[in-house]
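Engineer: Quick one: structure below, then a few questions.
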Amino acid sequence: MMAVTMMTIAGACSLLAALLHVGVMIKGPRWYRLFGAGERMATLAEQGSPRPTLITSGIALVLTIWAFYAWSAAQWLPPLPFTIPVLWLITIIYLIRGTLGFVAMLFNQHPTIAQNSPAFWFWSSIVCLLIGLVHLVGLL
């Protein structure tokens, strides 16, 4: 029963993250800045570049698929292919992303890392670690 609950929560977390990404696309540059996506992404959005929308919609799509896998494991959705191995991969990705986000903050002079705010790295890393841990508990 705990696995079902944890996978239900995990799916909700992934879908909420996906919806926040959709919200950022809808609200535009101000929300790119608010959520710490970096000045470069906000400026590109202001200039009408499709790049921020493509990147953000890609992330939202992946997070939605991850929610479906968690809900499939919780038996809210029909079985999806390779559910358990895929969920392990999702869990590992969340945990690695969460951990590496903190490491990235140590190298904040690197252009790829510096384009996002320290607040973005901190809070997104906390969120990724928590969602990863929910997945892990559900799987175990």
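Residue names in the structure tokens use chain letters A, B, ... in the order shown, residue numbers from 1 in each chain, and ligand numbers from 1 in the order shown.
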List the spatial neighbours of Leu34 in chain A as a ChimeraX atom specification - criterion: any atom at most 12 Å away, only C-alpha atoms, same-chain residues fewer than 5 positions off excluded.
Structural biologist: /A:20-21,23-24,27-29,39,41-42,116-117,119-120
Engineer: Please produce a file of the residues just selected, as a PDB file, in the first residue's frame, where the atoms kept are C-alpha atoms.
Structural biologist:
ATOM      1  CA  LEU A  20       5.012  24.780 -13.746  1.00  0.00           C
ATOM      2  CA  HIS A  21       7.104  24.539 -16.912  1.00  0.00           C
ATOM      3  CA  GLY A  23       3.163  28.099 -16.793  1.00  0.00           C
ATOM      4  CA  VAL A  24       6.627  29.529 -17.424  1.00  0.00           C
ATOM      5  CA  LYS A  27       3.800  33.737 -18.600  1.00  0.00           C
ATOM      6  CA  GLY A  28       6.977  34.332 -20.562  1.00  0.00           C
ATOM      7  CA  PRO A  29      10.184  36.197 -19.700  1.00  0.00           C
ATOM      8  CA  GLU A  39      18.708  35.928 -18.170  1.00  0.00           C
ATOM      9  CA  MET A  41      16.426  32.262 -21.593  1.00  0.00           C
ATOM     10  CA  ALA A  42      14.357  35.291 -20.535  1.00  0.00           C
ATOM     11  CA  ASN A 116      21.011  30.054 -14.004  1.00  0.00           C
ATOM     12  CA  SER A 117      20.771  31.794 -10.654  1.00  0.00           C
ATOM     13  CA  ALA A 119      18.583  30.176  -6.163  1.00  0.00           C
ATOM     14  CA  PHE A 120      17.546  28.124  -9.203  1.00  0.00           C
TER      15      PHE A 120
END
Engineer: For Ala74 in chain A, find every residue with an atom within 9 Å (counting only C-alpha atoms), except residues of its own chain fewer than 3 positions away, and show them as a PyMOL selection string.
Structural biologist: chain A and resi 3-8+11+69-71+77
Engineer: What are the DSSP alpha helix (DSSP H) residues of chain A, as number ranges by chain?
Structural biologist: A: 2-27, 29-34, 39-46, 51-73, 83-106, 111-114, 118-139
Engineer: So which one's closest to Ile9 in chain A, A:Leu130, A:Val22, A:Gln115, A:Leu140? Using only C-alpha atoms, please.
Structural biologist: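 The shortest atom-to-atom distance to Ile9 in chain A comes from A:Leu130.
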